[in-house]
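**Q** Below is the structure I would like to discuss, written out as structure tokens.
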Amino acid sequence: MESGYLLVNSLLKNQYKKYWIEDPVEHHKNIIGEYHVSSIGCNNQHLPPNKHAGPCLRQTFYVYVDPMENTNQTEGNFHIGRILHAEAQRIYRLNHDASIAEYPLGRKFFIDDEPVIMLGSMDITNESFSDKPYINYIDIVDFKTASDWTFPKDRDDKSPTHFNQVQIYAYIYDQYNLNHKYNIIRNLHVVYLAKHNLYTGIQPIKYDWTNAIYKYTNFINRIKYLHKQLKLRELPKAEPNKWCKFCDYRQRCYADVIEEKDVPVITIKEVEDLYMRETGKSPKWRGNYTKGFETYKYRFKVKT
Ligand code: SF4
């Protein structure tokens, strides 16, 4: 969601590929029938639009059927996240003996007799102090790379998306991996790593099984819905949220089309005419584009 954010305000061309990508390039493929917790999440449509919500299943649908390449400005965004997570995991494990990094989680289930897999991985699981013999208390940590725009303001500025994710991980781990006689999950931490300066903030919650099963069920229902839409190749419902303005697929979303090629293309002159017709006002020039362009830019591609 933060793909529209520019790390450096520079006119220099981004040379990310030259210095950070090995040859040959290995692309991560999204395969219908394999769903990652982070791209499905839970339904948070009840939240007001200024709150953190998402992921949007319509956006995830686009990523599966006709993904867009990252722009030249933003193509290193995910890579820096991977580097930071791996380094934070490495250091955490040096400092905490009883911890596991990058613990993979996976469950196979069936939708209309068809096998489907859900995937995820916990950044850190850590056994914490126990005052009871033979009982392990476990904390789970999920790292999030953040920018100035996405870093939480305080403890109450919690992103449901991020907490849903760690709750789903904890539930799967608890339900399918742990021996309950000896292991109790206690705390879930979402740890934010600022990619500009490594400012690191933690938001904790207590693990609550009842709440976690509710999130997990919602997550599985969302997989079923998305899987059906992908098989039918029909657009899922849009799930508008605070980050729509950074969504790479917003033009397709507003035009209600699947493929990039189906987005209407119009000229600046046509944008201005439309603006005048709809508002009765003259479009004002602002640099290379007009007030009308600002109003309609999410609905059309503009012919340059
Ligand atoms: S613009 Fe918003 S609602 Fe549409 S696909 Fe993107 S995130 Fe979803």
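Identifiers in the structure tokens: chain A, B, ... in order shown; residue index from 1 per chain; ligand index from 1 in order shown.
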If we count only C-alpha atoms, what is near A:Ala98 at a cut-off of 12 Å, once residues fewer than 2 positions away on the same chain are taken out, given as an MDAnalysis selection string?

**A** chainID A and resid 92:96 100:101 124:129 136:139

**Q** Since we have the selection now, will you write its residues out, keeping N, CA and C atoms, as a tab-separated table (two decimals), in the first residue's frame?

**A**
```tsv
chain	number	residue	atom	x	y	z
A	92	TYR	N	17.77	-10.23	16.72
A	92	TYR	CA	16.89	-10.68	17.81
A	92	TYR	C	17.29	-12.08	18.27
A	93	ARG	N	17.62	-12.93	17.32
A	93	ARG	CA	17.99	-14.31	17.69
A	93	ARG	C	19.33	-14.36	18.42
A	94	LEU	N	20.24	-13.45	18.09
A	94	LEU	CA	21.51	-13.38	18.82
A	94	LEU	C	21.26	-13.01	20.28
A	95	ASN	N	20.27	-12.14	20.49
A	95	ASN	CA	20.01	-11.63	21.85
A	95	ASN	C	19.05	-12.51	22.65
A	96	HIS	N	18.29	-13.35	21.97
A	96	HIS	CA	17.30	-14.18	22.66
A	96	HIS	C	17.48	-15.62	22.21
A	100	ILE	N	12.69	-18.40	17.47
A	100	ILE	CA	12.77	-18.95	16.11
A	100	ILE	C	12.40	-17.83	15.15
A	101	ALA	N	13.16	-17.71	14.07
A	101	ALA	CA	12.86	-16.67	13.09
A	101	ALA	C	12.23	-17.29	11.85
A	124	ILE	N	9.09	-13.73	14.24
A	124	ILE	CA	9.77	-14.25	15.43
A	124	ILE	C	8.76	-14.94	16.34
A	125	THR	N	9.09	-16.13	16.84
A	125	THR	CA	8.36	-16.67	17.98
A	125	THR	C	9.39	-16.80	19.09
A	126	ASN	N	8.98	-16.41	20.28
A	126	ASN	CA	9.95	-16.31	21.36
A	126	ASN	C	9.35	-16.87	22.64
A	127	GLU	N	10.09	-17.76	23.30
A	127	GLU	CA	9.63	-18.24	24.60
A	127	GLU	C	10.05	-17.24	25.66
A	128	SER	N	9.10	-16.78	26.46
A	128	SER	CA	9.44	-15.78	27.47
A	128	SER	C	9.44	-16.41	28.86
A	129	PHE	N	9.79	-15.60	29.87
A	129	PHE	CA	9.96	-16.11	31.23
A	129	PHE	C	8.71	-16.86	31.71
A	136	ASN	N	5.80	-23.39	28.73
A	136	ASN	CA	6.46	-22.36	27.93
A	136	ASN	C	5.44	-21.27	27.62
A	137	TYR	N	5.81	-20.04	27.93
A	137	TYR	CA	4.98	-18.91	27.46
A	137	TYR	C	5.60	-18.42	26.16
A	138	ILE	N	4.73	-18.17	25.19
A	138	ILE	CA	5.25	-17.81	23.86
A	138	ILE	C	4.73	-16.43	23.45
A	139	ASP	N	5.63	-15.61	22.94
A	139	ASP	CA	5.25	-14.32	22.33
A	139	ASP	C	5.52	-14.42	20.83
```

**Q** Please report, as a PyMOL selection string, each residue of stretch 179-272 of chain A to which DSSP assigns alpha helix (DSSP H) when run on this structure's backbone.

**A** chain A and resi 209-232+250-255+268-272

**Q** Pull N, CA and C atoms from the residues just selected and write them as a short mmCIF file (atom, residue, chain, number, x, y, z; two decimals), in the first residue's frame.

**A**
```
data_model
loop_
_atom_site.label_atom_id
_atom_site.label_comp_id
_atom_site.auth_asym_id
_atom_site.auth_seq_id
_atom_site.Cartn_x
_atom_site.Cartn_y
_atom_site.Cartn_z
N TRP A 209 -7.88 -16.21 22.33
CA TRP A 209 -8.27 -17.31 21.43
C TRP A 209 -9.62 -17.04 20.76
N THR A 210 -10.59 -16.54 21.53
CA THR A 210 -11.94 -16.31 20.99
C THR A 210 -11.90 -15.29 19.86
N ASN A 211 -11.17 -14.22 20.10
CA ASN A 211 -11.05 -13.19 19.08
C ASN A 211 -10.29 -13.73 17.87
N ALA A 212 -9.25 -14.52 18.14
CA ALA A 212 -8.40 -15.04 17.06
C ALA A 212 -9.19 -15.99 16.16
N ILE A 213 -10.05 -16.83 16.74
CA ILE A 213 -10.81 -17.77 15.89
C ILE A 213 -11.81 -17.01 15.02
N TYR A 214 -12.32 -15.92 15.56
CA TYR A 214 -13.23 -15.07 14.79
C TYR A 214 -12.50 -14.49 13.57
N LYS A 215 -11.28 -14.01 13.80
CA LYS A 215 -10.48 -13.45 12.70
C LYS A 215 -10.13 -14.54 11.69
N TYR A 216 -9.76 -15.69 12.20
CA TYR A 216 -9.35 -16.79 11.32
C TYR A 216 -10.52 -17.22 10.42
N THR A 217 -11.72 -17.32 11.00
CA THR A 217 -12.89 -17.74 10.22
C THR A 217 -13.20 -16.71 9.14
N ASN A 218 -13.10 -15.44 9.51
CA ASN A 218 -13.34 -14.38 8.55
C ASN A 218 -12.32 -14.46 7.41
N PHE A 219 -11.07 -14.72 7.76
CA PHE A 219 -9.98 -14.85 6.78
C PHE A 219 -10.26 -16.01 5.81
N ILE A 220 -10.68 -17.16 6.34
CA ILE A 220 -10.95 -18.32 5.48
C ILE A 220 -12.12 -18.02 4.54
N ASN A 221 -13.15 -17.34 5.05
CA ASN A 221 -14.29 -16.98 4.19
C ASN A 221 -13.86 -16.03 3.08
N ARG A 222 -12.91 -15.16 3.39
CA ARG A 222 -12.42 -14.24 2.36
C ARG A 222 -11.63 -15.00 1.29
N ILE A 223 -10.87 -16.01 1.70
CA ILE A 223 -10.16 -16.84 0.70
C ILE A 223 -11.19 -17.49 -0.22
N LYS A 224 -12.25 -18.04 0.37
CA LYS A 224 -13.26 -18.73 -0.44
C LYS A 224 -13.88 -17.78 -1.46
N TYR A 225 -14.18 -16.56 -1.00
CA TYR A 225 -14.80 -15.58 -1.90
C TYR A 225 -13.83 -15.19 -3.03
N LEU A 226 -12.59 -14.87 -2.66
CA LEU A 226 -11.62 -14.46 -3.67
C LEU A 226 -11.35 -15.60 -4.66
N HIS A 227 -11.22 -16.82 -4.14
CA HIS A 227 -10.94 -17.97 -5.00
C HIS A 227 -12.06 -18.12 -6.04
N LYS A 228 -13.30 -17.99 -5.57
CA LYS A 228 -14.45 -18.12 -6.49
C LYS A 228 -14.39 -17.03 -7.57
N GLN A 229 -14.12 -15.79 -7.16
CA GLN A 229 -14.07 -14.69 -8.13
C GLN A 229 -12.92 -14.89 -9.12
N LEU A 230 -11.80 -15.39 -8.63
CA LEU A 230 -10.65 -15.63 -9.53
C LEU A 230 -10.98 -16.70 -10.55
N LYS A 231 -11.64 -17.78 -10.09
CA LYS A 231 -11.98 -18.87 -11.02
C LYS A 231 -12.99 -18.38 -12.07
N LEU A 232 -13.93 -17.54 -11.62
CA LEU A 232 -14.95 -17.02 -12.55
C LEU A 232 -14.42 -15.85 -13.37
N ARG A 250 -6.05 1.72 -8.94
CA ARG A 250 -7.24 2.54 -8.71
C ARG A 250 -7.95 2.92 -10.00
N GLN A 251 -7.18 3.11 -11.10
CA GLN A 251 -7.86 3.49 -12.34
C GLN A 251 -8.75 2.35 -12.83
N ARG A 252 -8.24 1.12 -12.74
CA ARG A 252 -9.05 -0.02 -13.14
C ARG A 252 -10.24 -0.19 -12.21
N CYS A 253 -9.99 0.03 -10.93
CA CYS A 253 -11.04 -0.15 -9.93
C CYS A 253 -12.19 0.81 -10.19
N TYR A 254 -11.87 2.09 -10.42
CA TYR A 254 -12.92 3.08 -10.64
C TYR A 254 -13.62 2.85 -11.97
N ALA A 255 -12.89 2.29 -12.93
CA ALA A 255 -13.52 2.02 -14.23
C ALA A 255 -14.24 0.67 -14.22
N ILE A 268 -5.80 15.38 -22.13
CA ILE A 268 -5.96 16.47 -21.15
C ILE A 268 -7.14 17.35 -21.55
N LYS A 269 -7.25 17.60 -22.86
CA LYS A 269 -8.34 18.46 -23.36
C LYS A 269 -9.70 17.84 -23.00
N GLU A 270 -9.79 16.51 -23.17
CA GLU A 270 -11.06 15.84 -22.84
C GLU A 270 -11.34 15.89 -21.33
N VAL A 271 -10.25 15.79 -20.52
CA VAL A 271 -10.43 15.91 -19.07
C VAL A 271 -11.00 17.28 -18.74
N GLU A 272 -10.43 18.30 -19.38
CA GLU A 272 -10.87 19.67 -19.10
C GLU A 272 -12.32 19.88 -19.52
#
```

**Q** Check every protein, DNA and RNA residue against ligand 1, keep those with an atom at most 10 Å away (counting only C-alpha atoms and all ligand atoms), and present them as a PyMOL selection string.

**A** chain A and resi 1+53-63+235-256+298

**Q** Report, in Å to a single decimal, how far apart atom CA of A:Gln165 and atom CA of A:Asn30 are.

**A**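 About the pair atom CA of A:Asn30 and atom CA of A:Gln165: they are 18.8 Å apart.
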